[in-house]
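> Got a file for you: query.tsv, TSV, C-alpha atoms.
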chain	number	residue	atom	x	y	z
A	1	MET	CA	-7.26	-16.31	14.97
A	2	ALA	CA	-3.85	-16.68	16.64
A	3	LYS	CA	-1.58	-13.67	16.61
A	4	PRO	CA	1.68	-13.75	14.67
A	5	VAL	CA	4.69	-14.32	16.93
A	6	LEU	CA	8.00	-12.47	16.84
A	7	GLY	CA	11.02	-13.97	18.57
A	8	ILE	CA	13.77	-11.50	19.51
A	9	LEU	CA	17.07	-13.35	19.19
A	10	THR	CA	19.82	-12.09	21.48
A	11	LEU	CA	22.83	-13.34	23.46
A	12	TYR	CA	23.37	-13.59	27.19
A	13	LEU	CA	26.08	-11.22	28.36
A	14	ASN	CA	27.42	-13.80	30.80
A	15	ASP	CA	26.73	-17.27	32.13
A	16	ASN	CA	24.30	-15.87	34.71
A	17	GLY	CA	21.70	-15.06	32.05
A	18	ALA	CA	22.08	-11.26	32.00
A	19	LEU	CA	20.49	-9.48	29.01
A	20	GLU	CA	21.73	-6.09	27.88
A	21	GLU	CA	18.52	-4.64	26.43
A	22	ARG	CA	15.82	-6.07	28.67
A	23	PRO	CA	14.05	-2.65	29.14
A	24	ILE	CA	13.85	-2.28	25.34
A	25	TYR	CA	12.37	-5.77	25.01
A	26	GLN	CA	9.75	-4.89	27.62
A	27	ARG	CA	8.69	-1.85	25.58
A	28	MET	CA	8.67	-3.90	22.38
A	29	THR	CA	6.49	-6.56	23.98
A	30	THR	CA	3.98	-3.93	25.12
A	31	ALA	CA	4.02	-2.15	21.75
A	32	GLY	CA	3.67	-5.48	19.94
A	33	GLN	CA	0.51	-6.34	21.85
A	34	LYS	CA	-1.11	-3.12	20.63
A	35	LEU	CA	-0.25	-4.05	17.04
A	36	GLY	CA	-1.57	-7.60	17.38
A	37	LEU	CA	1.89	-9.17	17.63
A	38	ASP	CA	3.09	-11.53	20.38
A	39	VAL	CA	6.75	-11.08	21.33
A	40	PHE	CA	9.20	-13.21	23.25
A	41	VAL	CA	12.97	-13.14	23.81
A	42	PHE	CA	15.38	-16.05	23.43
A	43	THR	CA	19.01	-16.95	22.87
A	44	PRO	CA	20.58	-19.89	21.00
A	45	ARG	CA	21.29	-21.45	24.41
A	46	ASP	CA	17.52	-21.68	25.02
A	47	VAL	CA	16.86	-23.82	21.93
A	48	ASN	CA	16.25	-27.57	22.01
A	49	TYR	CA	17.57	-28.66	18.62
A	50	LYS	CA	15.96	-32.13	18.87
A	51	THR	CA	12.40	-30.97	19.56
A	52	ASN	CA	12.67	-27.58	17.81
A	53	ARG	CA	11.26	-25.80	20.83
A	54	ILE	CA	12.50	-22.78	22.75
A	55	ASN	CA	12.63	-22.10	26.49
A	56	ALA	CA	11.81	-18.45	25.86
A	57	GLN	CA	11.42	-15.41	28.09
A	58	PHE	CA	8.02	-13.71	28.13
A	59	TYR	CA	7.24	-10.30	29.62
A	60	ASP	CA	3.86	-9.66	31.22
A	61	ALA	CA	3.05	-5.96	30.93
A	62	ALA	CA	0.27	-6.23	33.53
A	63	THR	CA	2.46	-7.71	36.29
A	64	LYS	CA	5.71	-6.20	34.95
A	65	LYS	CA	7.40	-9.58	35.43
A	66	TRP	CA	9.40	-11.95	33.24
A	67	SER	CA	8.87	-15.70	33.07
A	68	LYS	CA	10.27	-18.61	31.05
A	69	ARG	CA	8.34	-21.35	29.31
A	70	TRP	CA	8.74	-23.78	26.45
A	71	THR	CA	7.20	-22.65	23.18
A	72	PRO	CA	7.28	-23.51	19.47
A	73	PHE	CA	9.39	-21.45	17.06
A	74	PRO	CA	8.03	-17.99	16.21
A	75	ASN	CA	6.74	-16.89	12.80
A	76	LEU	CA	9.52	-14.31	12.53
A	77	ILE	CA	12.91	-13.72	14.13
A	78	TYR	CA	14.42	-10.32	14.93
A	79	ASP	CA	18.18	-10.79	15.33
A	80	ARG	CA	19.66	-8.43	17.94
A	81	CYS	CA	22.88	-10.39	18.53
A	82	ARG	CA	26.02	-8.31	18.81
A	83	ILE	CA	29.50	-9.70	18.31
A	84	GLN	CA	31.14	-11.02	21.47
A	85	LYS	CA	34.20	-13.20	22.06
A	86	SER	CA	32.64	-16.14	23.87
A	87	SER	CA	31.23	-19.63	23.42
A	88	ARG	CA	27.83	-17.97	23.25
A	89	PHE	CA	28.74	-16.48	19.87
A	90	ASP	CA	29.74	-19.93	18.64
A	91	GLU	CA	26.27	-21.12	19.65
A	92	LEU	CA	24.81	-18.27	17.57
A	93	ARG	CA	26.72	-19.44	14.50
A	94	ARG	CA	25.26	-22.92	14.93
A	95	PHE	CA	21.75	-21.50	15.31
A	96	ARG	CA	22.02	-19.36	12.20
A	97	GLN	CA	23.35	-22.30	10.22
A	98	GLN	CA	20.61	-24.71	11.30
A	99	TYR	CA	17.67	-22.30	11.20
A	100	GLY	CA	18.77	-19.94	8.44
A	101	HIS	CA	15.75	-20.99	6.35
A	102	LEU	CA	13.33	-19.30	8.79
A	103	THR	CA	11.94	-15.80	8.27
A	104	PHE	CA	14.35	-13.23	9.73
A	105	LEU	CA	13.68	-9.49	9.79
A	106	ASN	CA	17.40	-8.95	9.35
A	107	ARG	CA	20.44	-10.89	8.24
A	108	PRO	CA	23.96	-10.46	9.69
A	109	LEU	CA	26.00	-7.59	8.30
A	110	ARG	CA	29.73	-7.94	7.71
A	111	ASN	CA	32.62	-6.23	9.51
A	112	LYS	CA	33.56	-2.56	9.04
A	113	TRP	CA	36.17	-3.32	6.38
A	114	THR	CA	33.89	-5.46	4.24
A	115	VAL	CA	31.06	-2.93	4.51
A	116	HIS	CA	33.43	-0.14	3.51
A	117	ARG	CA	34.61	-2.07	0.45
A	118	THR	CA	31.03	-2.91	-0.52
A	119	LEU	CA	30.01	0.76	-0.41
A	120	SER	CA	33.22	1.81	-2.18
A	121	ARG	CA	32.12	-0.09	-5.29
A	122	ASP	CA	29.16	2.26	-5.74
A	123	LYS	CA	30.23	5.60	-7.23
A	124	ARG	CA	27.31	7.37	-5.51
A	125	PHE	CA	29.14	7.09	-2.19
A	126	ALA	CA	32.62	8.07	-3.37
A	127	GLY	CA	32.48	11.53	-1.80
A	128	ASN	CA	31.10	10.31	1.54
A	129	LEU	CA	33.59	7.60	2.51
A	130	PRO	CA	36.79	8.50	4.38
A	131	SER	CA	39.91	6.91	2.94
A	132	THR	CA	40.33	3.55	4.72
A	133	ARG	CA	42.72	0.61	4.62
A	134	MET	CA	43.53	-2.48	6.66
A	135	TYR	CA	46.49	-2.18	9.01
A	136	GLU	CA	49.19	-4.62	7.94
A	137	SER	CA	52.25	-2.77	9.25
A	138	ILE	CA	53.39	0.64	10.46
A	139	ALA	CA	53.96	1.50	6.80
A	140	ASP	CA	50.18	1.65	6.28
A	141	LEU	CA	49.82	4.11	9.13
A	142	ASN	CA	52.69	6.29	7.93
A	143	ALA	CA	51.34	6.30	4.38
A	144	MET	CA	47.97	7.53	5.63
A	145	LEU	CA	49.62	10.18	7.81
A	146	ARG	CA	51.44	11.54	4.77
A	147	LYS	CA	48.10	12.01	3.01
A	148	HIS	CA	45.97	13.09	5.97
A	149	SER	CA	46.89	15.18	8.98
A	150	LEU	CA	44.37	13.27	11.10
A	151	ILE	CA	43.74	9.50	11.20
A	152	TYR	CA	41.89	7.00	13.37
A	153	LEU	CA	42.77	3.40	14.17
A	154	LYS	CA	39.75	1.21	14.93
A	155	PRO	CA	39.12	-2.56	15.25
A	156	ILE	CA	37.04	-3.96	12.38
A	157	ASN	CA	34.54	-5.51	14.82
A	158	GLY	CA	34.76	-3.00	17.65
A	159	THR	CA	31.71	-1.42	19.31
A	160	GLY	CA	31.06	1.36	21.78
A	161	GLY	CA	34.28	3.26	21.09
A	162	ARG	CA	36.50	0.52	22.52
A	163	GLY	CA	40.11	0.34	21.37
A	164	ILE	CA	40.02	3.43	19.13
A	165	LEU	CA	43.11	5.60	18.66
A	166	ARG	CA	43.34	9.10	17.21
A	167	ILE	CA	46.61	10.30	15.69
A	168	GLU	CA	47.02	13.90	14.57
A	169	ARG	CA	50.08	15.28	12.84
A	170	VAL	CA	51.06	18.51	14.62
A	171	ASP	CA	54.22	19.27	12.62
A	172	ASN	CA	56.60	17.48	10.27
A	173	ASP	CA	57.82	14.84	12.72
A	174	LYS	CA	55.47	15.11	15.71
A	175	VAL	CA	52.04	13.58	16.30
A	176	LEU	CA	49.43	13.73	19.04
A	177	LEU	CA	48.33	10.27	20.14
A	178	GLN	CA	45.04	9.83	22.04
A	179	GLY	CA	42.45	7.11	22.42
A	180	ARG	CA	40.40	4.66	24.45
A	181	ASP	CA	41.44	1.18	25.51
A	182	GLN	CA	39.32	-1.99	25.26
A	183	HIS	CA	37.49	-1.04	28.46
A	184	ARG	CA	36.64	2.44	27.06
A	185	ARG	CA	39.12	4.09	29.46
A	186	ILE	CA	40.64	7.27	28.06
A	187	VAL	CA	44.28	6.92	27.00
A	188	ALA	CA	46.17	10.04	28.10
A	189	SER	CA	47.23	12.34	25.27
A	190	GLN	CA	50.88	11.94	24.23
A	191	ARG	CA	52.97	14.12	21.95
A	192	ILE	CA	55.60	11.92	20.30
A	193	SER	CA	57.77	11.79	17.21
A	194	THR	CA	56.62	9.74	14.20
A	195	SER	CA	59.66	7.50	14.69
A	196	GLU	CA	58.29	6.52	18.13
A	197	LEU	CA	54.90	5.47	16.82
A	198	ALA	CA	55.78	1.86	16.02
A	199	ASP	CA	57.14	1.27	19.51
A	200	LYS	CA	54.20	3.03	21.20
A	201	LEU	CA	51.66	0.99	19.26
A	202	SER	CA	53.38	-2.41	19.52
A	203	SER	CA	51.41	-3.40	22.64
A	204	TRP	CA	48.12	-2.81	20.81
A	205	HIS	CA	48.82	-5.73	18.39
A	206	LEU	CA	47.03	-3.88	15.61
A	207	LYS	CA	47.57	-6.47	12.88
A	208	GLU	CA	46.60	-9.47	14.99
A	209	LYS	CA	43.47	-7.72	16.25
A	210	ARG	CA	42.58	-6.61	12.71
A	211	TYR	CA	42.55	-2.84	12.80
A	212	LEU	CA	41.56	-0.30	10.18
A	213	VAL	CA	43.40	2.94	9.44
A	214	GLN	CA	40.87	5.61	8.53
A	215	GLN	CA	41.10	9.22	7.44
A	216	GLY	CA	39.95	11.45	10.28
A	217	ILE	CA	37.37	14.19	9.77
A	218	PRO	CA	37.89	17.38	11.84
A	219	ILE	CA	34.82	17.39	14.12
A	220	LYS	CA	36.03	19.16	17.25
A	221	LEU	CA	33.66	21.80	18.59
A	222	PRO	CA	35.06	25.14	19.84
A	223	ASN	CA	35.19	23.65	23.35
A	224	GLY	CA	37.55	20.92	22.10
A	225	ARG	CA	35.06	18.07	22.31
A	226	VAL	CA	34.44	15.81	19.30
A	227	HIS	CA	30.94	15.37	17.95
A	228	ASP	CA	29.09	13.31	15.34
A	229	TYR	CA	25.58	12.23	14.41
A	230	ARG	CA	23.71	8.95	14.88
A	231	MET	CA	21.15	8.37	12.11
A	232	LEU	CA	18.64	5.55	12.51
A	233	VAL	CA	17.27	4.15	9.24
A	234	GLN	CA	14.47	1.57	9.51
A	235	LYS	CA	11.89	-0.27	7.43
A	236	ASP	CA	8.35	0.99	7.99
A	237	GLY	CA	5.05	-0.89	8.06
A	238	GLU	CA	5.01	-1.04	4.26
A	239	GLY	CA	8.53	-2.39	3.95
A	240	ASN	CA	10.08	0.90	2.80
A	241	TRP	CA	13.30	2.39	4.17
A	242	ARG	CA	12.72	5.56	6.20
A	243	VAL	CA	14.94	7.79	8.33
A	244	THR	CA	13.41	7.46	11.78
A	245	GLY	CA	15.62	10.15	13.26
A	246	CYS	CA	19.07	11.63	13.62
A	247	ALA	CA	20.60	12.95	16.82
A	248	GLY	CA	23.90	14.59	17.66
A	249	ARG	CA	26.45	13.14	20.08
A	250	ILE	CA	29.11	15.12	21.94
A	251	GLY	CA	32.06	13.30	23.45
A	252	ALA	CA	33.34	13.56	26.99
A	253	GLN	CA	36.26	15.85	27.79
A	254	ASN	CA	39.52	14.47	26.29
A	255	SER	CA	37.63	11.65	24.55
A	256	VAL	CA	38.35	10.79	20.91
A	257	THR	CA	34.85	9.32	20.48
A	258	SER	CA	31.35	10.63	21.10
A	259	ASN	CA	29.75	7.38	22.37
A	260	LEU	CA	27.21	7.83	25.15
A	261	HIS	CA	28.58	4.77	27.00
A	262	GLY	CA	31.94	6.50	27.01
A	263	GLY	CA	30.63	9.54	28.86
A	264	GLY	CA	29.26	11.48	25.89
A	265	HIS	CA	25.88	13.20	25.80
A	266	ALA	CA	23.25	13.76	23.13
A	267	ALA	CA	21.61	16.79	21.53
A	268	THR	CA	19.13	17.24	18.73
A	269	MET	CA	20.60	17.38	15.24
A	270	ASP	CA	19.29	20.93	14.73
A	271	THR	CA	20.84	22.17	17.98
A	272	LEU	CA	24.25	20.75	17.15
A	273	LEU	CA	24.25	21.83	13.50
A	274	LYS	CA	23.41	25.40	14.53
A	275	ARG	CA	26.50	25.38	16.75
A	276	TRP	CA	28.64	23.81	14.02
A	277	ILE	CA	27.49	25.29	10.68
A	278	LYS	CA	25.31	28.20	11.88
A	279	ASN	CA	23.81	28.84	8.41
A	280	ASP	CA	20.12	27.84	8.38
A	281	SER	CA	19.82	27.39	4.61
A	282	LYS	CA	22.99	25.27	4.57
A	283	ILE	CA	21.69	23.22	7.49
A	284	ASP	CA	18.55	22.36	5.53
A	285	ILE	CA	20.68	21.15	2.61
A	286	VAL	CA	22.90	19.08	4.94
A	287	LYS	CA	19.90	17.38	6.56
A	288	ARG	CA	18.39	16.58	3.18
A	289	ASP	CA	21.69	15.21	1.86
A	290	ALA	CA	22.20	13.12	5.00
A	291	GLU	CA	18.70	11.61	4.79
A	292	GLN	CA	19.04	10.73	1.11
A	293	PHE	CA	22.46	9.23	1.75
A	294	GLY	CA	21.23	7.15	4.69
A	295	ILE	CA	18.42	5.57	2.69
A	296	GLN	CA	20.70	4.83	-0.28
A	297	VAL	CA	23.24	3.14	2.00
A	298	ALA	CA	20.56	0.97	3.61
A	299	GLN	CA	19.15	-0.06	0.23
A	300	HIS	CA	22.58	-0.88	-1.16
A	301	LEU	CA	23.65	-2.95	1.86
A	302	GLU	CA	20.39	-4.88	1.81
A	303	GLN	CA	20.91	-5.68	-1.88
A	304	SER	CA	24.43	-6.87	-1.02
A	305	TYR	CA	23.82	-8.92	2.15
A	306	GLY	CA	20.17	-9.90	2.26
A	307	ARG	CA	17.15	-8.69	4.18
A	308	LEU	CA	17.71	-5.94	6.75
A	309	CYS	CA	15.23	-4.01	8.86
A	310	GLU	CA	17.33	-1.27	10.45
A	311	LEU	CA	20.77	0.30	10.48
A	312	ALA	CA	22.45	3.05	12.47
A	313	LEU	CA	24.83	5.27	10.52
A	314	ASP	CA	27.47	7.19	12.43
A	315	LEU	CA	28.00	10.37	10.43
A	316	ALA	CA	30.51	13.19	10.56
A	317	ILE	CA	29.64	16.52	8.96
A	318	ASP	CA	32.52	18.82	8.13
A	319	LYS	CA	32.47	22.63	8.17
A	320	GLN	CA	31.62	22.71	4.46
A	321	GLY	CA	28.52	20.59	5.09
A	322	ARG	CA	29.78	17.36	3.52
A	323	VAL	CA	28.36	14.19	5.05
A	324	TRP	CA	30.92	11.48	5.89
A	325	LEU	CA	30.11	7.90	6.88
A	326	LEU	CA	32.22	6.83	9.86
A	327	GLU	CA	30.68	3.38	10.26
A	328	VAL	CA	27.48	1.34	10.07
A	329	ASN	CA	25.91	-0.42	13.05
A	330	PRO	CA	23.42	-3.20	12.22
A	331	LYS	CA	22.20	-3.62	15.83
A	332	PRO	CA	21.56	-0.02	16.88
A	333	ALA	CA	20.63	1.22	20.32
A	334	ARG	CA	17.90	3.86	20.64
A	335	GLU	CA	18.88	5.70	23.80
A	336	VAL	CA	20.44	8.61	21.92
A	337	PHE	CA	16.95	9.94	21.16
A	338	ILE	CA	15.85	9.81	24.80
A	339	GLU	CA	19.10	11.52	25.79
A	340	ALA	CA	18.38	14.24	23.22
A	341	GLY	CA	14.86	14.71	24.62
A	342	ASP	CA	13.17	13.33	21.49
A	343	THR	CA	10.68	10.88	23.01
A	344	LYS	CA	8.53	10.73	19.87
A	345	THR	CA	11.42	9.46	17.74
A	346	TYR	CA	12.44	7.06	20.51
A	347	GLN	CA	8.99	5.49	20.55
A	348	GLN	CA	8.93	5.28	16.76
A	349	ALA	CA	12.35	3.60	16.83
A	350	ILE	CA	10.85	0.87	19.03
A	351	THR	CA	7.64	0.33	17.04
A	352	ARG	CA	8.96	0.42	13.47
A	353	PRO	CA	10.61	-3.04	13.55
A	354	LEU	CA	7.33	-4.40	14.92
A	355	GLU	CA	5.31	-2.73	12.18
A	356	TYR	CA	7.72	-4.14	9.62
A	357	ALA	CA	7.37	-7.59	11.22
A	358	MET	CA	3.60	-7.41	10.74
A	359	HIS	CA	4.10	-6.35	7.11
A	360	LEU	CA	6.54	-9.19	6.50
A	361	PHE	CA	4.20	-11.72	8.14
A	362	GLU	CA	1.31	-10.69	5.90
A	363	LYS	CA	3.58	-10.75	2.85
A	364	GLU	CA	4.85	-14.27	3.66
A	365	LYS	CA	1.30	-15.49	4.38
A	366	LYS	CA	0.09	-14.16	1.03
A	367	LYS	CA	3.01	-15.83	-0.74
A	368	LYS	CA	2.13	-19.20	0.85
A	369	VAL	CA	-1.50	-18.84	-0.26
A	370	GLU	CA	-0.38	-18.05	-3.81
A	371	VAL	CA	1.93	-21.08	-3.86
A	372	LYS	CA	-0.85	-23.30	-2.53
A	373	THR	CA	-3.32	-21.93	-5.10
A	374	SER	CA	-0.79	-22.38	-7.88
A	375	SER	CA	-0.24	-25.99	-6.78
A	376	LEU	CA	-4.00	-26.60	-6.78
A	377	ASP	CA	-4.27	-25.16	-10.29
A	378	GLU	CA	-1.52	-27.52	-11.44
A	379	ASP	CA	-3.43	-30.48	-9.98
A	380	LEU	CA	-6.62	-29.40	-11.73
A	381	ARG	CA	-4.84	-29.03	-15.05
A	382	TRP	CA	-3.29	-32.48	-14.59
A	383	ASP	CA	-6.73	-33.93	-13.88
A	384	ASP	CA	-8.03	-32.30	-17.08
A	385	TYR	CA	-5.12	-33.74	-19.00
A	386	LYS	CA	-5.69	-37.22	-17.61
A	387	GLY	CA	-9.38	-36.99	-18.51
A	388	SER	CA	-8.62	-36.17	-22.13
A	389	GLU	CA	-6.66	-39.40	-22.45
A	390	ASP	CA	-9.57	-41.63	-21.38
Would you mind writing the file's structure down as structure tokens?

Amino acid sequence: MAKPVLGILTLYLNDNGALEERPIYQRMTTAGQKLGLDVFVFTPRDVNYKTNRINAQFYDAATKKWSKRWTPFPNLIYDRCRIQKSSRFDELRRFRQQYGHLTFLNRPLRNKWTVHRTLSRDKRFAGNLPSTRMYESIADLNAMLRKHSLIYLKPINGTGGRGILRIERVDNDKVLLQGRDQHRRIVASQRISTSELADKLSSWHLKEKRYLVQQGIPIKLPNGRVHDYRMLVQKDGEGNWRVTGCAGRIGAQNSVTSNLHGGGHAATMDTLLKRWIKNDSKIDIVKRDAEQFGIQVAQHLEQSYGRLCELALDLAIDKQGRVWLLEVNPKPAREVFIEAGDTKTYQQAITRPLEYAMHLFEKEKKKKVEVKTSSLDEDLRWDDYKGSED
């Protein structure tokens, strides 16, 4: 019997065919073989829309080499495409539109603002969402600063800590402005008056680039570095949401974000919580609350947007132990667990989407058999009916 086939859908990073997560795809291919699942990688650019065939990339674990060959469409598609401003993303839109009827492990999630509004409608999450609004003018920023001594400005589709600004009110008419530009370079800290803010921020084109203004959560460690937590929530081999793991991230010196690509480093959640909260019984409560929250968020977003298989939640935990959701990432990386020394969780993070793919394949196969059987029963009943008329 032929193995089920999983196609990992991604985007080239440039016109030379570079792929961002090739090492991950190699591990997934190897892990898939052990589960009885064939895996290949492709992009919308590799699809022949007339023949419905794909010039896909295959990894051979024995030779450790990649090759390309034409192949039919897979049984399932695992969408790993991240937003990028290029013609390649336009090709992705066309692909999703034409082949949206196929079986996907995960559907596209919306931008940060839409996700925030979706979660805001559920009263369960009211105490976990920082106050957030779209930036329309400097009046929005000033209004938030009057309510909160610390705010962040972030693009609604930004990733990796790019283009994020941190503004902290230090007295009645002075603020501290810090951040990272679109290339993740650290923007030098500036102490300015609130009246200077509009002029300082004019070159950022916040409205045109669709920025959010968000309440900041105090998360600076005693050494002055910011920290947060990356929680990975995934479907397991039975189709249930599970917290695969949660690791801490500590930002680089003078950074307003904790992203590893921006020079941050990882630690286990326990290690970081012991430095931050220090009370073991409280830490246990925080971890339990965070896990319950993560699963509820995943379930709610799936109900709102369609099938999902994994999400990364960036969480802040304040000194009182309250869990805050900073943002949701539908195409999470897994390196934070390796960086934290948690190889077991890292391996599980790779295999869980594959286990879920096998579950989904069996579920879809069973559904087709039931439909076919039901159709046969209808034919038999019609034959009986026709016979009674003779």
> Show me, as CSV, the residues of region 156-205 of chain A having an atom within 12 Å of region 231-254 of chain A, each with the closest atom pair and its distance in Å, using all atoms listed in the file.

residue,atom,partner,partner_atom,distance
A:Gly161,CA,A:Gly251,CA,10.5
A:Arg166,CA,A:Asn254,CA,11.2
A:Leu177,CA,A:Asn254,CA,11.5
A:Gln178,CA,A:Asn254,CA,8.4
A:Gly179,CA,A:Asn254,CA,8.8
A:Arg180,CA,A:Asn254,CA,10.0
A:Arg184,CA,A:Ala252,CA,11.6
A:Arg185,CA,A:Asn254,CA,10.9
A:Ile186,CA,A:Asn254,CA,7.5
A:Val187,CA,A:Asn254,CA,9.0
A:Ala188,CA,A:Asn254,CA,8.2
A:Ser189,CA,A:Asn254,CA,8.1
A:Gln190,CA,A:Asn254,CA,11.8
> Identify which of the residues A:Asn279, A:Asn128, A:Gln348, A:Ser86 lies closest to Gln296 (chain A), counting only C-alpha atoms when measuring atom-to-atom distances.
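Nearest candidate to Gln296 (chain A) out of A:Asn279, A:Asn128, A:Gln348, A:Ser86: A:Asn128.
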> For Arg117 (chain A), which of A:Leu360, A:Arg322, A:Leu301, A:Ile83 is the closest residue, counting all atoms listed in the file?
A:Leu301
> Around the point (36.9, -6.9, 12.0), in the coordinates given by the file, pick out the residues reaching within 8 Å, counting only C-alpha atoms, and return them as a count of residues only.
10
> Near His227 (chain A), within 10 Å and counting only C-alpha atoms, which residues show up once chain neighbours fewer than 4 positions away are dropped, as a list of chain:residue names?
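In the requested form, the answer reads A:Pro218, A:Ile219, A:Lys220, A:Leu221, A:Gly248, A:Arg249, A:Ile250, A:Gly251, A:Ala252, A:Val256, A:Thr257, A:Ser258, A:Asn259, A:Gly264, A:His265, A:Ala266, A:Leu272, A:Trp276, A:Leu315, A:Ala316, A:Ile317.
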> Would you mind telling me which residue in A:Phe73, A:Phe104, A:Arg22, A:Tyr12 lies nearest to Glu364 (chain A) when using all atoms listed in the file?
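Distance minimum relative to Glu364 (chain A) lands on A:Phe104.
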> For a quick check of understanding, using all atoms listed in the file, which of A:Gly341, A:Gly36, A:Gly306, A:Gly163 has the smallest distance to His183 (chain A)?
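Closest to His183 (chain A), using all atoms listed in the file: A:Gly163.
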> I need the residue nearest Gln84 (chain A) from this list: A:Thr10, A:Leu206, A:Thr345, A:Trp324. Use all atoms listed in the file for the distance.
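Of A:Thr10, A:Leu206, A:Thr345, A:Trp324, the one nearest Gln84 (chain A), counting all atoms listed in the file, is A:Thr10.
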